[in-house]
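Shown below: upload_9.tsv, with TSV, C-alpha atoms.
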```
chain	number	residue	atom	x	y	z
A	1	MET	CA	-32.49	13.19	-39.69
A	2	ASN	CA	-33.09	10.03	-41.66
A	3	ASP	CA	-29.42	9.09	-41.38
A	4	VAL	CA	-29.53	9.43	-37.61
A	5	THR	CA	-32.63	7.20	-37.37
A	6	LYS	CA	-30.99	4.66	-39.64
A	7	ARG	CA	-27.80	4.72	-37.56
A	8	ILE	CA	-29.80	4.27	-34.33
A	9	GLN	CA	-31.61	1.32	-35.89
A	10	GLU	CA	-28.28	-0.25	-36.93
A	11	LEU	CA	-26.89	0.21	-33.41
A	12	GLU	CA	-30.05	-1.31	-31.89
A	13	ASN	CA	-29.68	-4.36	-34.15
A	14	GLU	CA	-26.00	-4.65	-33.25
A	15	LYS	CA	-26.87	-4.46	-29.55
A	16	GLU	CA	-29.40	-7.29	-29.95
A	17	THR	CA	-26.83	-9.44	-31.77
A	18	LEU	CA	-24.19	-8.83	-29.08
A	19	ARG	CA	-26.70	-9.52	-26.31
A	20	SER	CA	-27.64	-12.87	-27.83
A	21	LYS	CA	-23.92	-13.73	-28.27
A	22	LEU	CA	-23.25	-12.89	-24.62
A	23	TRP	CA	-26.24	-14.95	-23.54
A	24	LYS	CA	-24.94	-17.93	-25.49
A	25	GLN	CA	-21.53	-17.56	-23.81
A	26	GLN	CA	-23.08	-17.47	-20.36
A	27	ARG	CA	-25.39	-20.43	-20.91
A	28	LYS	CA	-24.86	-23.30	-18.49
A	29	PRO	CA	-25.57	-26.83	-19.54
A	30	ALA	CA	-28.71	-28.03	-17.76
A	31	GLY	CA	-27.64	-31.66	-18.10
A	32	LYS	CA	-24.55	-31.26	-15.90
A	33	VAL	CA	-26.53	-29.40	-13.22
A	34	GLY	CA	-29.13	-32.18	-13.28
A	35	TYR	CA	-26.55	-34.94	-12.82
A	36	LEU	CA	-24.84	-32.98	-10.03
A	37	LEU	CA	-28.10	-32.52	-8.13
A	38	LEU	CA	-28.99	-36.17	-8.65
A	39	PHE	CA	-25.61	-37.28	-7.27
A	40	LEU	CA	-25.79	-34.97	-4.23
A	41	GLY	CA	-29.36	-36.12	-3.58
A	42	PHE	CA	-28.38	-39.80	-3.59
A	43	VAL	CA	-25.47	-39.07	-1.26
A	44	ALA	CA	-27.76	-37.21	1.18
A	45	LEU	CA	-30.39	-39.98	1.03
A	46	ALA	CA	-27.77	-42.69	1.62
A	47	ALA	CA	-26.30	-40.68	4.49
A	48	SER	CA	-29.74	-40.30	6.08
A	49	ILE	CA	-30.23	-44.09	5.98
A	50	PHE	CA	-26.78	-45.44	6.83
A	51	VAL	CA	-25.16	-42.77	9.01
A	52	PRO	CA	-26.66	-42.56	12.51
A	53	SER	CA	-27.14	-38.90	13.37
A	54	ASN	CA	-29.67	-36.45	14.80
A	55	MET	CA	-29.88	-34.81	11.41
A	56	ASN	CA	-31.25	-37.90	9.63
A	57	TYR	CA	-34.67	-36.39	9.17
A	58	MET	CA	-33.34	-33.22	7.59
A	59	LEU	CA	-30.85	-35.12	5.45
A	60	ALA	CA	-33.62	-37.34	4.10
A	61	PHE	CA	-35.71	-34.31	3.11
A	62	VAL	CA	-32.74	-32.59	1.51
A	63	GLY	CA	-31.78	-35.82	-0.31
A	64	LEU	CA	-35.32	-36.35	-1.54
A	65	GLY	CA	-35.52	-32.78	-2.79
A	66	LEU	CA	-32.14	-32.81	-4.54
A	67	THR	CA	-32.78	-36.19	-6.18
A	68	PHE	CA	-36.16	-35.03	-7.39
A	69	TRP	CA	-34.89	-31.73	-8.81
A	70	GLY	CA	-31.94	-33.47	-10.46
A	71	ALA	CA	-34.23	-35.99	-12.13
A	72	LEU	CA	-36.67	-33.22	-13.05
A	73	LEU	CA	-33.96	-31.11	-14.69
A	74	LEU	CA	-32.84	-34.07	-16.77
A	75	TYR	CA	-36.43	-34.89	-17.75
A	76	ILE	CA	-37.66	-31.40	-18.65
A	77	LYS	CA	-34.71	-30.58	-20.88
A	78	PRO	CA	-35.93	-30.19	-24.46
A	79	THR	CA	-35.03	-33.17	-26.61
A	80	ARG	CA	-33.19	-31.14	-29.22
A	81	TYR	CA	-33.02	-27.54	-30.31
A	82	VAL	CA	-31.63	-26.33	-33.59
A	83	LYS	CA	-30.48	-22.84	-34.40
A	84	ALA	CA	-32.87	-20.70	-36.41
A	85	SER	CA	-30.07	-19.94	-38.88
A	86	LEU	CA	-29.92	-23.65	-39.73
A	87	LEU	CA	-33.66	-23.63	-40.37
A	88	ASP	CA	-33.35	-20.60	-42.65
A	89	SER	CA	-30.44	-22.01	-44.62
A	90	THR	CA	-32.38	-25.22	-45.28
A	91	ALA	CA	-35.50	-23.46	-46.53
A	92	ILE	CA	-34.02	-20.61	-48.56
A	93	SER	CA	-32.54	-22.67	-51.41
A	94	ASN	CA	-35.91	-24.27	-52.21
A	95	LEU	CA	-37.54	-20.85	-52.29
A	96	ILE	CA	-34.80	-19.52	-54.58
A	97	ALA	CA	-35.46	-22.43	-56.94
A	98	ILE	CA	-39.21	-21.71	-56.97
A	99	ASP	CA	-38.50	-18.01	-57.57
A	100	GLN	CA	-36.28	-18.86	-60.53
A	101	ILE	CA	-38.91	-21.17	-62.02
A	102	ILE	CA	-41.67	-18.56	-61.70
A	103	ALA	CA	-39.38	-15.85	-63.13
A	104	ASP	CA	-38.41	-18.11	-66.02
A	105	LEU	CA	-42.04	-18.89	-66.80
A	106	ASN	CA	-42.78	-15.17	-66.54
A	107	TYR	CA	-45.89	-15.85	-64.45
A	108	GLY	CA	-46.74	-12.56	-62.83
A	109	GLY	CA	-50.00	-13.34	-61.02
A	110	ARG	CA	-50.56	-13.50	-57.28
A	111	GLY	CA	-50.63	-16.95	-55.71
A	112	ILE	CA	-54.17	-18.15	-54.97
A	113	TYR	CA	-54.44	-20.65	-52.12
A	114	LEU	CA	-57.16	-23.11	-53.03
A	115	PRO	CA	-59.51	-24.64	-50.41
A	116	PRO	CA	-59.70	-28.42	-49.71
A	117	ARG	CA	-62.68	-29.08	-52.02
A	118	TYR	CA	-60.38	-28.43	-54.99
A	119	LEU	CA	-58.08	-31.18	-53.81
A	120	ARG	CA	-58.19	-34.95	-53.57
A	121	GLU	CA	-56.60	-35.04	-50.13
A	122	LEU	CA	-57.93	-33.11	-47.14
A	123	LYS	CA	-54.40	-32.67	-45.79
A	124	GLY	CA	-53.09	-31.45	-49.12
A	125	GLY	CA	-52.71	-27.93	-50.35
A	126	THR	CA	-52.23	-26.09	-53.62
A	127	VAL	CA	-51.24	-22.60	-54.56
A	128	TYR	CA	-52.26	-21.60	-58.06
A	129	ILE	CA	-50.11	-18.95	-59.71
A	130	PRO	CA	-51.78	-17.49	-62.81
A	131	SER	CA	-49.71	-16.47	-65.80
A	132	GLU	CA	-51.18	-12.96	-65.78
A	133	ASP	CA	-51.84	-10.54	-62.98
A	134	ALA	CA	-55.55	-11.36	-62.80
A	135	LEU	CA	-57.40	-13.18	-60.04
A	136	THR	CA	-58.83	-15.97	-62.16
A	137	ILE	CA	-59.70	-19.03	-60.12
A	138	PRO	CA	-59.37	-22.28	-62.09
A	139	PRO	CA	-62.35	-24.67	-62.15
A	140	VAL	CA	-62.39	-27.56	-59.63
A	141	GLU	CA	-62.17	-30.21	-62.39
A	142	GLU	CA	-59.04	-28.63	-63.79
A	143	VAL	CA	-57.23	-28.55	-60.41
A	144	ALA	CA	-58.46	-32.01	-59.36
A	145	GLN	CA	-56.43	-33.58	-62.16
A	146	GLU	CA	-53.37	-32.67	-60.10
A	147	ARG	CA	-51.39	-31.37	-63.06
A	148	VAL	CA	-48.68	-28.81	-62.40
A	149	PHE	CA	-49.31	-26.68	-65.49
A	150	LEU	CA	-52.88	-25.68	-66.19
A	151	LYS	CA	-54.04	-24.61	-69.63
A	152	ASN	CA	-57.43	-23.11	-68.89
A	153	PRO	CA	-56.75	-20.67	-67.34
A	154	ASN	CA	-53.03	-20.58	-67.92
A	155	GLY	CA	-51.05	-21.02	-64.71
A	156	VAL	CA	-49.11	-23.31	-62.46
A	157	CYS	CA	-50.27	-25.32	-59.41
A	158	LEU	CA	-47.61	-25.85	-56.75
A	159	THR	CA	-47.47	-27.44	-53.32
A	160	PRO	CA	-47.20	-24.49	-50.90
A	161	SER	CA	-44.09	-24.10	-48.77
A	162	GLY	CA	-46.16	-24.00	-45.55
A	163	LEU	CA	-48.04	-27.26	-46.11
A	164	GLY	CA	-45.89	-29.30	-43.69
A	165	LEU	CA	-46.17	-26.54	-41.11
A	166	VAL	CA	-49.97	-26.29	-41.28
A	167	ASN	CA	-50.31	-30.07	-40.95
A	168	LEU	CA	-48.11	-29.78	-37.84
A	169	TYR	CA	-50.49	-27.11	-36.45
A	170	GLU	CA	-53.40	-29.50	-36.99
A	171	ARG	CA	-51.57	-32.36	-35.30
A	172	GLU	CA	-50.68	-30.17	-32.31
A	173	LEU	CA	-54.24	-28.83	-31.97
A	174	ARG	CA	-55.69	-32.30	-32.73
A	175	THR	CA	-58.14	-30.83	-35.17
A	176	ASP	CA	-58.91	-30.45	-38.80
A	177	PHE	CA	-58.96	-26.84	-39.98
A	178	ALA	CA	-61.50	-27.78	-42.67
A	179	LYS	CA	-63.97	-28.54	-39.86
A	180	VAL	CA	-63.47	-25.33	-37.88
A	181	ASP	CA	-64.20	-21.68	-38.55
A	182	LEU	CA	-62.22	-18.45	-38.51
A	183	ASP	CA	-63.08	-17.81	-34.84
A	184	TYR	CA	-61.38	-21.05	-33.89
A	185	LEU	CA	-58.17	-19.98	-35.65
A	186	GLN	CA	-58.38	-16.55	-34.06
A	187	ASN	CA	-58.63	-18.09	-30.58
A	188	ASN	CA	-56.26	-21.05	-30.91
A	189	LEU	CA	-53.46	-20.14	-33.32
A	190	PRO	CA	-51.91	-17.48	-31.01
A	191	LYS	CA	-51.56	-19.99	-28.14
A	192	LEU	CA	-50.14	-22.59	-30.53
A	193	PHE	CA	-47.58	-20.15	-31.96
A	194	ILE	CA	-46.53	-18.66	-28.61
A	195	GLU	CA	-46.78	-21.46	-26.05
A	196	ASP	CA	-46.89	-24.81	-27.80
A	197	LEU	CA	-44.56	-24.42	-30.77
A	198	GLU	CA	-42.74	-21.37	-29.37
A	199	MET	CA	-42.31	-20.00	-32.88
A	200	ALA	CA	-43.41	-16.41	-32.20
A	201	GLU	CA	-43.67	-13.96	-29.35
A	202	GLU	CA	-47.05	-12.66	-30.42
A	203	LEU	CA	-49.69	-13.40	-33.03
A	204	GLU	CA	-52.83	-11.43	-33.82
A	205	ILE	CA	-55.51	-12.38	-36.32
A	206	ASN	CA	-58.02	-9.64	-37.11
A	207	PRO	CA	-60.66	-10.33	-39.74
A	208	GLN	CA	-62.10	-7.20	-41.39
A	209	ASN	CA	-64.82	-8.32	-43.82
A	210	ASN	CA	-62.98	-10.06	-46.64
A	211	LEU	CA	-59.59	-8.94	-45.43
A	212	ILE	CA	-57.73	-10.76	-42.66
A	213	HIS	CA	-54.91	-8.89	-40.98
A	214	VAL	CA	-52.28	-11.12	-39.36
A	215	LYS	CA	-49.54	-9.60	-37.22
A	216	ILE	CA	-46.65	-11.80	-36.13
A	217	THR	CA	-44.04	-10.49	-33.70
A	218	GLY	CA	-40.69	-12.12	-32.97
A	219	ALA	CA	-41.15	-15.09	-35.28
A	220	VAL	CA	-38.34	-17.64	-35.56
A	221	TYR	CA	-38.65	-17.17	-39.33
A	222	GLN	CA	-37.96	-13.42	-39.27
A	223	ASP	CA	-34.47	-13.78	-40.77
A	224	LEU	CA	-35.82	-16.04	-43.48
A	225	CYS	CA	-38.57	-13.49	-44.08
A	226	ARG	CA	-35.94	-10.77	-44.65
A	227	GLU	CA	-34.06	-13.02	-47.08
A	228	VAL	CA	-37.22	-14.00	-48.96
A	229	ARG	CA	-38.08	-10.34	-49.48
A	230	LYS	CA	-35.07	-10.09	-51.79
A	231	LEU	CA	-36.72	-12.63	-54.12
A	232	ARG	CA	-39.14	-11.06	-56.56
A	233	ASN	CA	-41.76	-13.77	-56.95
A	234	ILE	CA	-42.11	-15.28	-53.49
A	235	CYS	CA	-43.46	-12.88	-50.89
A	236	ASN	CA	-46.84	-11.94	-52.35
A	237	SER	CA	-47.19	-14.94	-54.59
A	238	PHE	CA	-45.90	-18.32	-53.45
A	239	GLY	CA	-45.20	-17.26	-49.85
A	240	CYS	CA	-42.54	-18.12	-47.28
A	241	PRO	CA	-43.28	-21.15	-45.05
A	242	LEU	CA	-44.79	-19.06	-42.23
A	243	CYS	CA	-47.09	-16.82	-44.30
A	244	SER	CA	-47.97	-19.75	-46.53
A	245	SER	CA	-48.93	-21.96	-43.57
A	246	ILE	CA	-51.31	-19.26	-42.28
A	247	ALA	CA	-52.80	-18.86	-45.76
A	248	ILE	CA	-53.49	-22.62	-45.96
A	249	ALA	CA	-55.02	-22.59	-42.46
A	250	LEU	CA	-57.29	-19.70	-43.51
A	251	THR	CA	-58.33	-21.31	-46.79
A	252	ARG	CA	-59.12	-24.57	-44.98
A	253	ALA	CA	-61.14	-22.81	-42.28
A	254	THR	CA	-63.06	-20.46	-44.58
A	255	GLY	CA	-63.41	-22.94	-47.46
A	256	LYS	CA	-62.65	-20.11	-49.87
A	257	PRO	CA	-59.62	-19.18	-52.01
A	258	ILE	CA	-57.17	-16.83	-50.32
A	259	ILE	CA	-54.52	-14.48	-51.64
A	260	MET	CA	-51.80	-12.54	-49.86
A	261	GLU	CA	-52.77	-8.93	-50.53
A	262	LYS	CA	-49.97	-7.14	-48.72
A	263	ASN	CA	-46.95	-8.33	-46.83
A	264	GLU	CA	-44.69	-6.00	-44.89
A	265	ILE	CA	-42.00	-6.18	-42.23
A	266	GLY	CA	-41.72	-3.59	-39.43
A	267	PRO	CA	-38.75	-1.17	-39.16
A	268	ASP	CA	-37.42	-3.14	-36.17
A	269	GLY	CA	-37.39	-6.29	-38.32
A	270	LYS	CA	-39.38	-8.17	-35.69
A	271	THR	CA	-42.93	-7.57	-36.81
A	272	ILE	CA	-44.39	-9.19	-39.90
A	273	GLU	CA	-47.78	-7.95	-41.05
A	274	VAL	CA	-49.69	-9.85	-43.71
A	275	TYR	CA	-53.08	-8.99	-45.20
A	276	TYR	CA	-54.93	-11.98	-46.64
A	277	ARG	CA	-57.95	-11.50	-48.90
A	278	ILE	CA	-60.77	-14.00	-49.11
A	279	LEU	CA	-61.84	-14.34	-52.75
A	280	GLU	CA	-65.46	-14.82	-53.73
A	281	GLU	CA	-65.96	-17.47	-56.41
B	1	MET	CA	-30.49	-48.43	9.49
B	2	TYR	CA	-33.91	-47.10	8.52
B	3	PHE	CA	-35.45	-44.50	6.22
B	4	PRO	CA	-36.27	-41.56	8.49
B	5	LEU	CA	-39.23	-40.14	6.53
B	6	THR	CA	-42.73	-41.44	7.21
B	7	PHE	CA	-45.55	-41.84	4.74
B	8	TRP	CA	-47.07	-38.53	5.89
B	9	ASP	CA	-43.79	-36.65	5.50
B	10	ILE	CA	-43.64	-37.76	1.89
B	11	SER	CA	-47.30	-36.86	1.42
B	12	LEU	CA	-46.62	-33.33	2.63
B	13	TRP	CA	-43.53	-33.07	0.42
B	14	LEU	CA	-45.57	-34.21	-2.58
B	15	ALA	CA	-48.23	-31.57	-1.88
B	16	VAL	CA	-45.77	-28.70	-1.58
B	17	THR	CA	-43.69	-29.75	-4.60
B	18	SER	CA	-46.70	-30.32	-6.87
B	19	ILE	CA	-48.12	-26.87	-6.01
B	20	ILE	CA	-44.78	-25.19	-6.73
B	21	LEU	CA	-44.37	-27.02	-10.04
B	22	LEU	CA	-47.95	-26.49	-11.15
B	23	ALA	CA	-47.73	-22.75	-10.46
B	24	THR	CA	-44.36	-22.61	-12.24
B	25	SER	CA	-45.60	-24.47	-15.30
B	26	GLU	CA	-48.62	-22.16	-15.56
B	27	ILE	CA	-46.76	-18.86	-15.26
B	28	LEU	CA	-43.69	-19.89	-17.21
B	29	SER	CA	-43.24	-18.36	-20.63
B	30	PRO	CA	-40.24	-18.85	-22.91
B	31	TYR	CA	-40.24	-15.17	-23.82
B	32	TYR	CA	-40.45	-13.47	-20.43
B	33	GLY	CA	-36.82	-12.92	-19.53
B	34	ARG	CA	-33.76	-14.74	-20.66
B	35	VAL	CA	-33.14	-18.00	-18.86
B	36	ASN	CA	-30.09	-20.21	-18.74
B	37	ILE	CA	-31.96	-23.49	-18.77
B	38	TRP	CA	-34.38	-24.38	-21.55
B	39	ILE	CA	-37.46	-26.10	-20.30
B	40	ASN	CA	-39.95	-28.38	-21.97
B	41	LYS	CA	-43.16	-26.93	-20.52
B	42	LYS	CA	-45.31	-29.91	-21.42
B	43	ARG	CA	-43.08	-32.26	-19.45
B	44	LEU	CA	-42.99	-29.90	-16.48
B	45	LYS	CA	-46.78	-29.80	-16.41
B	46	LEU	CA	-46.92	-33.59	-16.69
B	47	VAL	CA	-44.57	-34.00	-13.70
B	48	SER	CA	-46.54	-31.50	-11.61
B	49	LEU	CA	-49.83	-33.23	-12.37
B	50	THR	CA	-48.32	-36.64	-11.59
B	51	LEU	CA	-47.09	-35.36	-8.22
B	52	GLY	CA	-50.52	-33.86	-7.54
B	53	ILE	CA	-52.19	-37.18	-8.31
B	54	LEU	CA	-49.71	-39.02	-6.06
B	55	PHE	CA	-50.56	-36.59	-3.27
B	56	MET	CA	-54.28	-37.19	-3.79
B	57	ILE	CA	-53.63	-40.95	-3.56
B	58	THR	CA	-51.93	-40.45	-0.18
B	59	VAL	CA	-54.96	-38.40	0.94
B	60	VAL	CA	-57.34	-41.16	-0.16
B	61	ILE	CA	-55.24	-43.70	1.80
B	62	ARG	CA	-55.48	-41.42	4.84
B	63	VAL	CA	-59.28	-41.10	4.50
B	64	LEU	CA	-59.66	-44.87	4.07
B	65	GLU	CA	-57.57	-45.42	7.18
B	66	ILE	CA	-59.86	-43.09	9.17
B	67	ILE	CA	-63.02	-44.81	7.84
B	68	ILE	CA	-61.80	-48.38	8.30
B	69	PHE	CA	-60.05	-48.02	11.67
```
What does the file become when written as structure tokens?
Amino acid sequence: MNDVTKRIQELENEKETLRSKLWKQQRKPAGKVGYLLLFLGFVALAASIFVPSNMNYMLAFVGLGLTFWGALLLYIKPTRYVKASLLDSTAISNLIAIDQIIADLNYGGRGIYLPPRYLRELKGGTVYIPSEDALTIPPVEEVAQERVFLKNPNGVCLTPSGLGLVNLYERELRTDFAKVDLDYLQNNLPKLFIEDLEMAEELEINPQNNLIHVKITGAVYQDLCREVRKLRNICNSFGCPLCSSIAIALTRATGKPIIMEKNEIGPDGKTIEVYYRILEE
Amino acid sequence: MYFPLTFWDISLWLAVTSIILLATSEILSPYYGRVNIWINKKRLKLVSLTLGILFMITVVIRVLEIIIF
């Protein structure tokens, strides 16, 4: 029974891959259509002005419409799109390097995302990885020295992989997450992810006391997420760029340290569910 | 040799086009259906609002004409 389910899943994935390949083959360049419409529009407009005819009025309307739609198509084209695979390939090597460093240091603790009051810069971010599997939060004075290796308690402070991404969220929303609360993130992050940055099909943030459940569907990072899962020290500790960026947003908004309690990917490979825990100091 | 459309023709065209674009930009979602042309939604909304404002300007001109003459 399990084999059949697995086979169906494989076939579903293959179907999706083939569908996206077919879609790419069929794609028409918007630029050429835009120029064509613009040209036809100018011709119709010129004809309405210079050629005496009973149809001048109609020609002018048609010309105006075509010129406008041509110009519009050229204007509303996105400036540049890159393939998600390119994005993944760029990010994965850095994460592999971090994984190797953590493995070499033999630091087995969960990454603790520290709030802005631990840091010198409001736009900065730090994830503290303790040497042992205990949730010991380092004192503010120790972290404020901005050293990578901490002695008391023993651990390492790293710049999180999602720092650039969370600063982009703030720029897009024109806000500072340190000045907002969890409700604001709950109401505004889904729109930002789905409509503004178009980086996911769905995003849900559900706080349950000290636990925050985040469900991301159809994220552009889903392939990277699958790759990162193969690394031992990244997923629940340092975090991939997407999960890490949400952790930083949460730690900024709540003003409390955050850890990634559980991180799982759905059987369809499209849904990522992360449970963040707010730590009491 | 003259341009056959009057000021009011263009005003009407602006009104219709801005309504179509505004409705499109509001209901458009990158994930509902596969499309052949990628669209920058922000720019589409900007164009629709600009056309709407241009239409309102033509309306104001019309009102001023009625009041003055």
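In this structure, atom CA of A:Tyr275 sits 29.0 Å away from atom CA of A:Lys151.
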To box stretch 57-67 of chain B, take all atoms listed in the file, fit an axis-aligned box, add 5 Å on each side, and give centre and edge lengths in Å to one decimal, as AutoDock Vina command-line options.
```
--center_x -57.5 --center_y -41.9 --center_z 2.8 --size_x 21.1 --size_y 17.0 --size_z 22.7
```
Write down, as a VMD selection string, each residue of chain B that has any atom within 6 Å of an atom of chain A, counting all atoms listed in the file.
chain B and resid 1 to 4 36 to 37 39 to 40 43 to 44
For A:Asn236, which of A:Arg147, A:Arg19, A:Arg120, A:Arg277 is the closest residue, counting all atoms listed in the file?
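Nearest candidate to A:Asn236 out of A:Arg147, A:Arg19, A:Arg120, A:Arg277: A:Arg277.
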To one decimal place, how far is atom CA of A:Pro267 from atom CA of A:Ile234 in Å?
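Rounded to one decimal, the two atoms are 20.4 Å apart.
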Identify which of the residues B:Leu54, B:Val47, B:Ser25, B:Ile19 lies closest to B:Phe7, counting all atoms listed in the file when measuring atom-to-atom distances.
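For B:Phe7, the nearest of the candidates is B:Leu54.
Between A:Ile278 and the residues A:Leu86, A:Val220, A:Met260, A:Leu37, the shortest atom-to-atom distance, using only C-alpha atoms, involves A:Met260.
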Grab the atom CA of A:Leu203 to atom CA of B:Ser48 distance for me, in Å with one decimal place.
28.2 Å
Neighbour list for A:Gly124 as a PyMOL selection string, cut-off 9 Å, all atoms listed in the file, skip fewer than 4 positions in-chain:
chain A and resi 116+119-120+159+163+167
Return the single residue from A:Glu273, A:Arg252, A:Ser244, A:Asp223 that is closest to A:Lys83, with distances computed using only C-alpha atoms.
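Smallest separation from A:Lys83 among the options: A:Asp223.
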Of A:Ala44, A:Tyr276, A:Lys256, A:Asn233, the one nearest to A:Asp104 when counting all atoms listed in the file is A:Asn233
Got a sec: who's within 9 Å of B:Leu49, counting only C-alpha atoms, leaving out chain neighbours fewer than 3 positions off, as a ChimeraX atom specification?
/B:18,21-22,44-46,52-54
Give me the residues within 9 Å of stretch 89-102 of chain A as number ranges by chain, counting all atoms listed in the file and dropping any in the same chain fewer than 5 places off.
A: 84, 107-108, 129, 156, 161, 224, 227-228, 231-234, 238-241
Top pick for closest residue to A:Thr271, considering A:Leu168, A:Val214, A:Leu36, A:Ile8 and counting only C-alpha atoms
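Going through A:Leu168, A:Val214, A:Leu36, A:Ile8 one by one, the smallest distance to A:Thr271 is for A:Val214.
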